[in-house]
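Next comes my_file_10.cif, with mmCIF, C-alpha atoms.
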```cif
data_entry
#
loop_
_atom_site.group_PDB
_atom_site.id
_atom_site.type_symbol
_atom_site.label_atom_id
_atom_site.label_comp_id
_atom_site.auth_asym_id
_atom_site.auth_seq_id
_atom_site.Cartn_x
_atom_site.Cartn_y
_atom_site.Cartn_z
ATOM 1 C CA MET A 22 56.176 117.840 167.043
ATOM 2 C CA LEU A 23 59.434 116.154 166.258
ATOM 3 C CA THR A 24 62.067 117.235 168.676
ATOM 4 C CA CYS A 25 65.708 116.786 168.049
ATOM 5 C CA ARG A 26 67.343 115.271 171.092
ATOM 6 C CA VAL A 27 70.778 114.922 169.625
ATOM 7 C CA PRO A 28 72.654 118.218 169.613
ATOM 8 C CA GLY A 29 74.004 119.044 166.176
ATOM 9 C CA MET A 30 71.912 116.396 164.444
ATOM 10 C CA PHE A 31 70.296 118.833 162.017
ATOM 11 C CA ASN A 32 73.182 121.187 161.694
ATOM 12 C CA GLU A 33 73.336 120.811 157.934
ATOM 13 C CA PHE A 34 69.945 122.452 157.710
ATOM 14 C CA ALA A 35 71.493 125.751 158.634
ATOM 15 C CA ALA A 36 73.273 125.815 155.296
ATOM 16 C CA MET A 37 70.130 125.263 153.260
ATOM 17 C CA PRO A 38 68.732 128.109 151.205
ATOM 18 C CA ASP A 39 66.540 130.289 153.314
ATOM 19 C CA ALA A 40 64.053 132.507 151.520
ATOM 20 C CA SER A 41 64.464 135.467 153.788
ATOM 21 C CA ARG A 42 68.227 135.485 153.724
ATOM 22 C CA MET A 43 68.376 135.150 149.963
ATOM 23 C CA MET A 44 65.944 137.981 149.460
ATOM 24 C CA ASP A 45 67.723 140.232 151.878
ATOM 25 C CA SER A 46 71.036 139.788 150.148
ATOM 26 C CA PHE A 47 69.382 140.256 146.804
ATOM 27 C CA PHE A 48 67.759 143.507 147.827
ATOM 28 C CA ALA A 49 70.984 144.803 149.207
ATOM 29 C CA THR A 50 72.994 144.327 146.050
ATOM 30 C CA THR A 51 70.746 144.718 143.036
ATOM 31 C CA PRO A 52 70.541 148.145 141.466
ATOM 32 C CA SER A 53 67.164 149.479 140.455
ATOM 33 C CA THR A 54 66.206 150.436 136.949
ATOM 34 C CA THR A 55 64.872 153.735 138.251
ATOM 35 C CA ALA A 56 67.811 156.031 138.797
ATOM 36 C CA GLY A 57 68.608 156.816 142.371
ATOM 37 C CA ARG A 58 65.633 155.269 144.083
ATOM 38 C CA LEU A 59 64.259 151.752 144.196
ATOM 39 C CA PHE A 60 60.836 151.735 142.624
ATOM 40 C CA PRO A 61 58.588 150.359 143.613
ATOM 41 C CA ALA A 62 59.580 149.735 147.195
ATOM 42 C CA VAL A 63 58.335 146.326 148.296
ATOM 43 C CA ASN A 64 57.352 144.652 151.524
ATOM 44 C CA VAL A 65 57.621 140.880 151.617
ATOM 45 C CA TRP A 66 56.061 138.310 153.924
ATOM 46 C CA GLU A 67 56.360 134.556 154.069
ATOM 47 C CA ASP A 68 54.430 131.724 155.642
ATOM 48 C CA GLU A 69 54.440 127.951 155.101
ATOM 49 C CA GLN A 70 52.188 128.224 152.052
ATOM 50 C CA ALA A 71 53.411 131.260 150.141
ATOM 51 C CA LEU A 72 55.439 134.410 149.747
ATOM 52 C CA TYR A 73 53.566 137.711 149.603
ATOM 53 C CA ILE A 74 54.957 140.794 147.879
ATOM 54 C CA GLU A 75 53.306 144.180 148.287
ATOM 55 C CA ALA A 76 54.109 147.432 146.470
ATOM 56 C CA GLU A 77 52.515 150.878 146.378
ATOM 57 C CA LEU A 78 51.760 151.939 142.808
ATOM 58 C CA PRO A 79 49.416 154.917 143.060
ATOM 59 C CA GLY A 80 47.880 155.851 139.718
ATOM 60 C CA TYR A 81 48.556 152.525 138.060
ATOM 61 C CA ALA A 82 45.747 150.308 136.781
ATOM 62 C CA LEU A 83 46.145 146.545 136.265
ATOM 63 C CA GLU A 84 46.363 147.001 132.493
ATOM 64 C CA ASP A 85 49.394 149.296 132.987
ATOM 65 C CA LEU A 86 51.276 146.506 134.751
ATOM 66 C CA ASP A 87 53.196 143.515 133.506
ATOM 67 C CA ILE A 88 54.016 140.922 136.118
ATOM 68 C CA SER A 89 56.026 137.908 135.069
ATOM 69 C CA THR A 90 57.955 135.035 136.572
ATOM 70 C CA LEU A 91 61.008 133.381 135.133
ATOM 71 C CA GLY A 92 62.809 130.657 137.026
ATOM 72 C CA ASN A 93 63.179 131.964 140.544
ATOM 73 C CA GLU A 94 62.610 135.604 139.618
ATOM 74 C CA VAL A 95 59.522 137.785 139.669
ATOM 75 C CA THR A 96 59.514 140.934 137.578
ATOM 76 C CA ILE A 97 57.110 143.816 138.139
ATOM 77 C CA ALA A 98 57.023 146.317 135.280
ATOM 78 C CA GLY A 99 54.693 149.165 134.451
ATOM 79 C CA THR A 100 54.162 151.977 131.974
ATOM 80 C CA ARG A 101 51.637 154.744 132.090
ATOM 81 C CA THR A 102 51.153 158.311 131.000
ATOM 82 C CA GLU A 103 49.289 160.915 132.964
ATOM 83 C CA THR A 104 48.308 163.958 130.987
ATOM 84 C CA ALA A 105 47.776 167.524 132.111
ATOM 85 C CA PRO A 106 46.257 170.221 129.900
ATOM 86 C CA GLU A 107 48.749 171.822 127.547
ATOM 87 C CA GLU A 108 48.436 175.238 129.142
ATOM 88 C CA ALA A 109 49.034 173.861 132.648
ATOM 89 C CA THR A 110 51.760 175.472 134.714
ATOM 90 C CA PHE A 111 53.221 173.102 137.304
ATOM 91 C CA HIS A 112 53.929 174.471 140.758
ATOM 92 C CA ARG A 113 54.870 171.111 142.281
ATOM 93 C CA ARG A 114 55.928 167.851 140.765
ATOM 94 C CA GLU A 115 56.857 165.403 143.488
ATOM 95 C CA ARG A 116 55.034 162.228 142.519
ATOM 96 C CA MET A 117 57.092 159.307 141.235
ATOM 97 C CA THR A 118 54.376 158.369 138.752
ATOM 98 C CA SER A 119 53.732 161.865 137.450
ATOM 99 C CA GLY A 120 53.587 162.416 133.700
ATOM 100 C CA ALA A 121 55.070 159.570 131.665
ATOM 101 C CA SER A 122 56.442 156.959 134.022
ATOM 102 C CA GLN A 123 57.806 153.498 133.664
ATOM 103 C CA PHE A 124 59.602 151.107 135.937
ATOM 104 C CA LYS A 125 60.864 147.576 136.151
ATOM 105 C CA ARG A 126 62.029 145.688 139.184
ATOM 106 C CA THR A 127 63.083 142.067 139.480
ATOM 107 C CA LEU A 128 63.009 140.173 142.735
ATOM 108 C CA ARG A 129 64.693 136.852 143.292
ATOM 109 C CA ILE A 130 62.734 134.293 145.218
ATOM 110 C CA GLY A 131 64.657 131.881 147.404
ATOM 111 C CA VAL A 132 62.126 129.034 147.232
ATOM 112 C CA PRO A 133 60.505 127.176 144.303
ATOM 113 C CA ILE A 134 57.035 128.529 143.539
ATOM 114 C CA GLU A 135 53.935 127.286 141.736
ATOM 115 C CA VAL A 136 54.156 129.551 138.701
ATOM 116 C CA GLU A 137 50.623 128.758 137.496
ATOM 117 C CA LYS A 138 49.113 129.741 140.805
ATOM 118 C CA VAL A 139 50.692 133.169 141.197
ATOM 119 C CA LEU A 140 48.026 135.754 142.013
ATOM 120 C CA ALA A 141 48.238 139.522 141.545
ATOM 121 C CA LYS A 142 45.745 141.972 142.971
ATOM 122 C CA LEU A 143 45.680 145.748 142.639
ATOM 123 C CA GLU A 144 43.503 147.616 145.053
ATOM 124 C CA ARG A 145 43.491 151.348 145.833
ATOM 125 C CA GLY A 146 46.956 151.735 144.365
ATOM 126 C CA VAL A 147 48.437 148.809 146.297
ATOM 127 C CA LEU A 148 49.698 145.761 144.424
ATOM 128 C CA THR A 149 49.792 142.408 146.183
ATOM 129 C CA ILE A 150 51.375 139.350 144.582
ATOM 130 C CA THR A 151 50.867 135.940 146.173
ATOM 131 C CA LEU A 152 53.451 133.328 145.199
ATOM 132 C CA PRO A 153 52.382 129.882 146.429
ATOM 133 C CA LYS A 154 55.325 127.687 147.307
ATOM 134 C CA ALA A 155 55.900 124.504 145.344
ATOM 135 C CA GLU A 156 54.995 121.369 147.278
ATOM 136 C CA ALA A 157 58.663 120.477 147.662
ATOM 137 C CA ALA A 158 59.296 123.797 149.415
ATOM 138 C CA LYS A 159 56.541 123.398 151.989
ATOM 139 C CA PRO A 160 57.468 122.081 155.396
ATOM 140 C CA ARG A 161 56.385 118.537 156.085
ATOM 141 C CA ARG A 162 55.557 116.970 159.364
ATOM 142 C CA ILE A 163 57.101 113.547 159.820
ATOM 143 C CA GLN A 164 55.071 110.973 161.649
ATOM 144 C CA VAL A 165 57.112 109.257 164.277
ATOM 145 C CA LYS A 166 55.814 105.857 165.148
ATOM 146 C CA ALA A 167 56.610 104.059 168.332
ATOM 147 C CA ALA A 168 58.701 100.987 167.703
ATOM 148 C CA MET B 21 58.236 174.256 149.551
ATOM 149 C CA ASN B 22 57.074 177.624 148.294
ATOM 150 C CA CYS B 23 55.252 178.193 145.096
ATOM 151 C CA ASN B 24 57.250 180.342 142.791
ATOM 152 C CA SER B 25 54.300 181.892 141.106
ATOM 153 C CA SER B 26 53.180 185.272 142.398
ATOM 154 C CA ASN B 27 49.537 184.568 141.692
ATOM 155 C CA CYS B 28 49.526 181.004 142.880
ATOM 156 C CA GLY B 29 47.057 180.461 145.645
ATOM 157 C CA CYS B 30 48.476 177.177 146.806
ATOM 158 C CA GLU B 31 51.369 177.391 149.113
ATOM 159 C CA GLY B 32 52.156 173.955 150.321
ATOM 160 C CA ARG B 33 53.398 173.900 153.836
ATOM 161 C CA ALA B 34 55.475 170.920 154.669
ATOM 162 C CA GLN B 35 54.131 169.426 157.846
ATOM 163 C CA ALA B 36 57.074 168.004 159.669
ATOM 164 C CA GLN B 37 55.893 164.478 160.184
ATOM 165 C CA ASN B 38 59.256 163.186 161.285
ATOM 166 C CA ALA B 39 58.518 160.068 159.334
ATOM 167 C CA THR B 40 59.823 159.083 155.977
ATOM 168 C CA LYS B 41 59.097 156.061 153.870
ATOM 169 C CA THR B 42 62.563 154.703 154.435
ATOM 170 C CA GLU B 43 62.522 154.564 158.196
ATOM 171 C CA THR B 44 62.592 151.051 159.471
ATOM 172 C CA THR B 45 61.446 151.603 163.008
ATOM 173 C CA GLN B 46 58.258 153.073 164.430
ATOM 174 C CA LEU B 47 56.471 152.366 161.190
ATOM 175 C CA GLU B 48 53.151 151.284 162.615
ATOM 176 C CA HIS B 49 50.543 154.016 162.724
ATOM 177 C CA ALA B 50 52.978 156.542 161.351
ATOM 178 C CA THR B 51 51.657 159.474 159.350
ATOM 179 C CA PHE B 52 53.275 160.334 156.057
ATOM 180 C CA ARG B 53 53.354 163.471 153.958
ATOM 181 C CA PRO B 54 51.933 162.503 150.571
ATOM 182 C CA ASP B 55 53.782 163.386 147.382
ATOM 183 C CA VAL B 56 51.774 165.885 145.371
ATOM 184 C CA ASP B 57 51.645 167.528 141.972
ATOM 185 C CA ILE B 58 50.016 170.928 141.660
ATOM 186 C CA TYR B 59 49.295 172.614 138.396
ATOM 187 C CA GLU B 60 47.378 175.675 137.361
ATOM 188 C CA THR B 61 45.303 176.496 134.337
ATOM 189 C CA GLY B 62 43.325 179.621 133.527
ATOM 190 C CA GLU B 63 40.296 178.299 135.379
ATOM 191 C CA GLU B 64 41.599 176.190 138.238
ATOM 192 C CA PHE B 65 44.333 174.635 140.309
ATOM 193 C CA VAL B 66 44.586 170.856 140.226
ATOM 194 C CA LEU B 67 46.255 169.051 143.110
ATOM 195 C CA THR B 68 46.996 165.337 142.860
ATOM 196 C CA ALA B 69 48.194 163.457 145.929
ATOM 197 C CA ASP B 70 49.441 159.867 146.178
ATOM 198 C CA VAL B 71 47.484 158.204 148.976
ATOM 199 C CA PRO B 72 47.837 154.461 148.259
ATOM 200 C CA GLY B 73 45.611 152.286 150.389
ATOM 201 C CA ALA B 74 43.171 155.058 151.324
ATOM 202 C CA ARG B 75 39.424 154.465 151.013
ATOM 203 C CA PRO B 76 37.104 157.323 150.008
ATOM 204 C CA GLU B 77 35.435 157.328 153.412
ATOM 205 C CA SER B 78 38.793 157.772 155.121
ATOM 206 C CA ILE B 79 39.571 161.009 153.276
ATOM 207 C CA ASP B 80 39.077 164.168 155.270
ATOM 208 C CA LEU B 81 39.347 167.541 153.541
ATOM 209 C CA ASN B 82 38.973 170.736 155.471
ATOM 210 C CA VAL B 83 39.392 174.382 154.552
ATOM 211 C CA GLU B 84 39.695 176.836 157.383
ATOM 212 C CA LYS B 85 41.217 180.297 157.459
ATOM 213 C CA GLY B 86 42.799 179.830 154.085
ATOM 214 C CA VAL B 87 44.414 176.500 154.958
ATOM 215 C CA LEU B 88 43.402 173.317 153.193
ATOM 216 C CA THR B 89 44.092 170.226 155.277
ATOM 217 C CA LEU B 90 44.162 166.842 153.594
ATOM 218 C CA ARG B 91 44.004 163.746 155.751
ATOM 219 C CA ALA B 92 43.707 160.157 154.589
ATOM 220 C CA GLY B 93 43.478 157.256 156.976
ATOM 221 C CA VAL B 94 45.017 153.974 155.876
ATOM 222 C CA ALA B 95 44.322 150.646 157.537
ATOM 223 C CA GLN B 96 47.203 148.323 158.331
ATOM 224 C CA ARG B 97 47.440 145.553 155.801
ATOM 225 C CA GLY B 98 49.443 142.478 154.877
ATOM 226 C CA PRO B 99 48.952 138.822 155.737
ATOM 227 C CA SER B 100 48.508 138.804 159.475
ATOM 228 C CA GLU B 101 49.889 135.343 160.134
ATOM 229 C CA ALA B 102 52.867 135.556 157.826
ATOM 230 C CA ARG B 103 56.356 136.523 158.880
ATOM 231 C CA PRO B 104 57.783 139.801 157.496
ATOM 232 C CA VAL B 105 60.801 139.014 155.337
ATOM 233 C CA SER B 106 61.705 142.399 153.943
ATOM 234 C CA ARG B 107 60.341 145.807 154.752
ATOM 235 C CA GLU B 108 61.208 148.712 152.494
ATOM 236 C CA TYR B 109 58.357 151.072 153.324
ATOM 237 C CA GLY B 110 56.003 151.829 156.133
ATOM 238 C CA VAL B 111 52.238 151.870 155.991
ATOM 239 C CA GLY B 112 50.270 154.642 157.614
ATOM 240 C CA GLY B 113 47.916 157.533 157.033
ATOM 241 C CA PHE B 114 48.686 160.696 155.097
ATOM 242 C CA GLU B 115 48.450 164.310 156.117
ATOM 243 C CA ARG B 116 49.465 167.596 154.563
ATOM 244 C CA THR B 117 48.312 171.189 154.639
ATOM 245 C CA PHE B 118 48.285 173.825 151.920
ATOM 246 C CA ARG B 119 47.708 177.525 152.144
ATOM 247 C CA ILE B 120 45.178 178.610 149.583
ATOM 248 C CA GLY B 121 44.615 182.161 148.422
ATOM 249 C CA GLU B 122 41.418 184.128 148.313
ATOM 250 C CA GLY B 123 41.219 183.550 144.605
ATOM 251 C CA ILE B 124 39.912 180.019 145.130
ATOM 252 C CA ASP B 125 36.199 179.348 145.118
ATOM 253 C CA VAL B 126 36.225 177.137 148.206
ATOM 254 C CA GLU B 127 32.592 176.103 147.817
ATOM 255 C CA GLN B 128 33.343 174.542 144.456
ATOM 256 C CA ILE B 129 36.363 172.399 145.370
ATOM 257 C CA GLY B 130 35.919 168.917 143.949
ATOM 258 C CA ALA B 131 37.642 165.701 145.001
ATOM 259 C CA GLU B 132 38.030 162.332 143.326
ATOM 260 C CA LEU B 133 39.883 159.217 144.472
ATOM 261 C CA LYS B 134 41.059 156.684 141.926
ATOM 262 C CA ASN B 135 43.744 153.979 142.082
ATOM 263 C CA GLY B 136 45.193 155.466 145.240
ATOM 264 C CA VAL B 137 45.475 158.982 143.809
ATOM 265 C CA LEU B 138 43.387 161.840 145.186
ATOM 266 C CA THR B 139 42.657 164.612 142.701
ATOM 267 C CA LEU B 140 41.412 167.957 143.984
ATOM 268 C CA ARG B 141 40.074 170.603 141.634
ATOM 269 C CA LEU B 142 40.152 174.086 143.065
ATOM 270 C CA PRO B 143 38.355 176.475 140.728
ATOM 271 C CA LYS B 144 39.481 180.073 140.686
ATOM 272 C CA SER B 145 36.792 182.503 141.668
ATOM 273 C CA VAL B 146 35.320 184.168 138.610
ATOM 274 C CA ALA B 147 37.038 187.482 139.299
ATOM 275 C CA LYS B 148 40.479 185.827 139.208
ATOM 276 C CA ARG B 149 40.086 183.993 135.945
ATOM 277 C CA GLY B 150 41.980 185.194 132.960
ATOM 278 C CA ARG B 151 39.861 187.446 130.839
ATOM 279 C CA LYS B 152 40.155 187.946 127.193
ATOM 280 C CA ILE B 153 40.418 191.581 126.360
ATOM 281 C CA GLU B 154 39.022 192.412 123.051
ATOM 282 C CA VAL B 155 40.950 194.890 121.055
ATOM 283 C CA LYS B 156 38.809 196.749 118.656
ATOM 284 C CA ALA B 157 40.172 198.440 115.647
ATOM 285 C CA SER B 158 39.330 202.091 115.788
#
```

Please express what this file holds, its structure, as structure tokens.
Amino acid sequence: MLTCRVPGMFNEFAAMPDASRMMDSFFATTPSTTAGRLFPAVNVWEDEQALYIEAELPGYALEDLDISTLGNEVTIAGTRTETAPEEATFHRRERMTSGASQFKRTLRIGVPIEVEKVLAKLERGVLTITLPKAEAAKPRRIQVKAA
Amino acid sequence: MNCNSSNCGCEGRAQAQNATKTETTQLEHATFRPDVDIYETGEEFVLTADVPGARPESIDLNVEKGVLTLRAGVAQRGPSEARPVSREYGVGGFERTFRIGEGIDVEQIGAELKNGVLTLRLPKSVAKRGRKIEVKAS
């Protein structure tokens, strides 16, 4: 482990783009395309290798979804129609994805990603997108040799 | 949360779970009230509940004294070693109860889980189904 013994030596690093900070500010200021409520809500994780985005999309199948990346943005979009019999009388209609539903949400990623290696998985109504970081964005250990 | 139909057998009773999807603290192992749709046809009531993340074996349905209880356990998920960056919703199990009328044939309730949506079919007992009345010309 390389330890910095000189106080303030790496101070400029504090000003570098930080994935978490950029995402937080993005989430706080970008309006959703679904009126009133962000949809889908997302949870995001990060490690040295990748960013992981998770969203709950009950009712959606993979073919109803369109996930794309452009520059440093990831867009999750979906369209589906759920049909009830014509004579049905609704007593409750609370579900976000009831009837004909569509959504689109764009997330800005603060680090360069390997676009070709982005993975999306939909399981039991939960979407997980893995965005591997580009090599340049991964932390590197620097070998320090004794003089 | 009352049904506005006089002959509706399903009266959803909001279980106060004191947890909403937007809370940012105490999210682990929380229990949420699933969003539902309920519709009625001549033959049955159909209840659909969003239970993302639930496995079929974690679903527990129970009818007792006219109350249908729906429970769905959900395992914690997410990359265990990674650092949370943004958290907009909590993950936990689901629970909600519904009062069902005598007009439901409890023995025939069917359940199906697909893409994180649980669909319950509650057939009306034969006596409660709409009957066609034939009008004969005299």

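Taking atom CA of Ser145 of chain B and atom CA of Leu90 of chain B as endpoints, the distance between them is 21.0 Å.
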
d(atom CA of Glu69 of chain A, atom CA of Val136 of chain A) in Å: 16.5 Å

Would you mind listing, as a PDB file with C-alpha atoms, in the coordinates of the input, all residues of chain B that have at least one atom within 7 Å of chain A, where only C-alpha atoms are what counts?
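Below is the file result.pdb, written as the result:
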```pdb
ATOM      1  CA  CYS B  23      55.252 178.193 145.096  1.00  0.00           C
ATOM      2  CA  ASP B  55      53.782 163.386 147.382  1.00  0.00           C
ATOM      3  CA  VAL B  56      51.774 165.885 145.371  1.00  0.00           C
ATOM      4  CA  ASP B  57      51.645 167.528 141.972  1.00  0.00           C
ATOM      5  CA  ILE B  58      50.016 170.928 141.660  1.00  0.00           C
ATOM      6  CA  TYR B  59      49.295 172.614 138.396  1.00  0.00           C
ATOM      7  CA  GLU B  60      47.378 175.675 137.361  1.00  0.00           C
ATOM      8  CA  THR B  61      45.303 176.496 134.337  1.00  0.00           C
ATOM      9  CA  ASP B  70      49.441 159.867 146.178  1.00  0.00           C
ATOM     10  CA  PRO B  72      47.837 154.461 148.259  1.00  0.00           C
ATOM     11  CA  GLY B  73      45.611 152.286 150.389  1.00  0.00           C
ATOM     12  CA  ALA B  74      43.171 155.058 151.324  1.00  0.00           C
ATOM     13  CA  ALA B 102      52.867 135.556 157.826  1.00  0.00           C
ATOM     14  CA  ARG B 103      56.356 136.523 158.880  1.00  0.00           C
ATOM     15  CA  PRO B 104      57.783 139.801 157.496  1.00  0.00           C
ATOM     16  CA  VAL B 105      60.801 139.014 155.337  1.00  0.00           C
ATOM     17  CA  SER B 106      61.705 142.399 153.943  1.00  0.00           C
ATOM     18  CA  ARG B 107      60.341 145.807 154.752  1.00  0.00           C
ATOM     19  CA  GLU B 108      61.208 148.712 152.494  1.00  0.00           C
ATOM     20  CA  TYR B 109      58.357 151.072 153.324  1.00  0.00           C
ATOM     21  CA  ASN B 135      43.744 153.979 142.082  1.00  0.00           C
ATOM     22  CA  GLY B 136      45.193 155.466 145.240  1.00  0.00           C
ATOM     23  CA  VAL B 137      45.475 158.982 143.809  1.00  0.00           C
TER      24      VAL B 137
END
```

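Remark: for Arg91 of chain B, the closest of the candidate residues B:Gly113, B:Pro76, B:Gly130, B:Gly123 is B:Gly113 (distances computed over only C-alpha atoms).
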
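For the structure in this document, the set picked by the PyMOL selection byres ((chain B and resi 138) around 6) is Thr68, Ala69, Glu132, Leu133, Val137 and Thr139 of chain B.
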
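From atom CA of Val146 of chain B back to atom CA of Glu122 of chain B, the distance works out to 11.5 Å.
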
Segment 121-123 of chain A environment, 9 Å, only C-alpha atoms, sequence neighbours closer than 4 positions dropped, as an MDAnalysis selection string: chainID A and resid 55 98:104 117
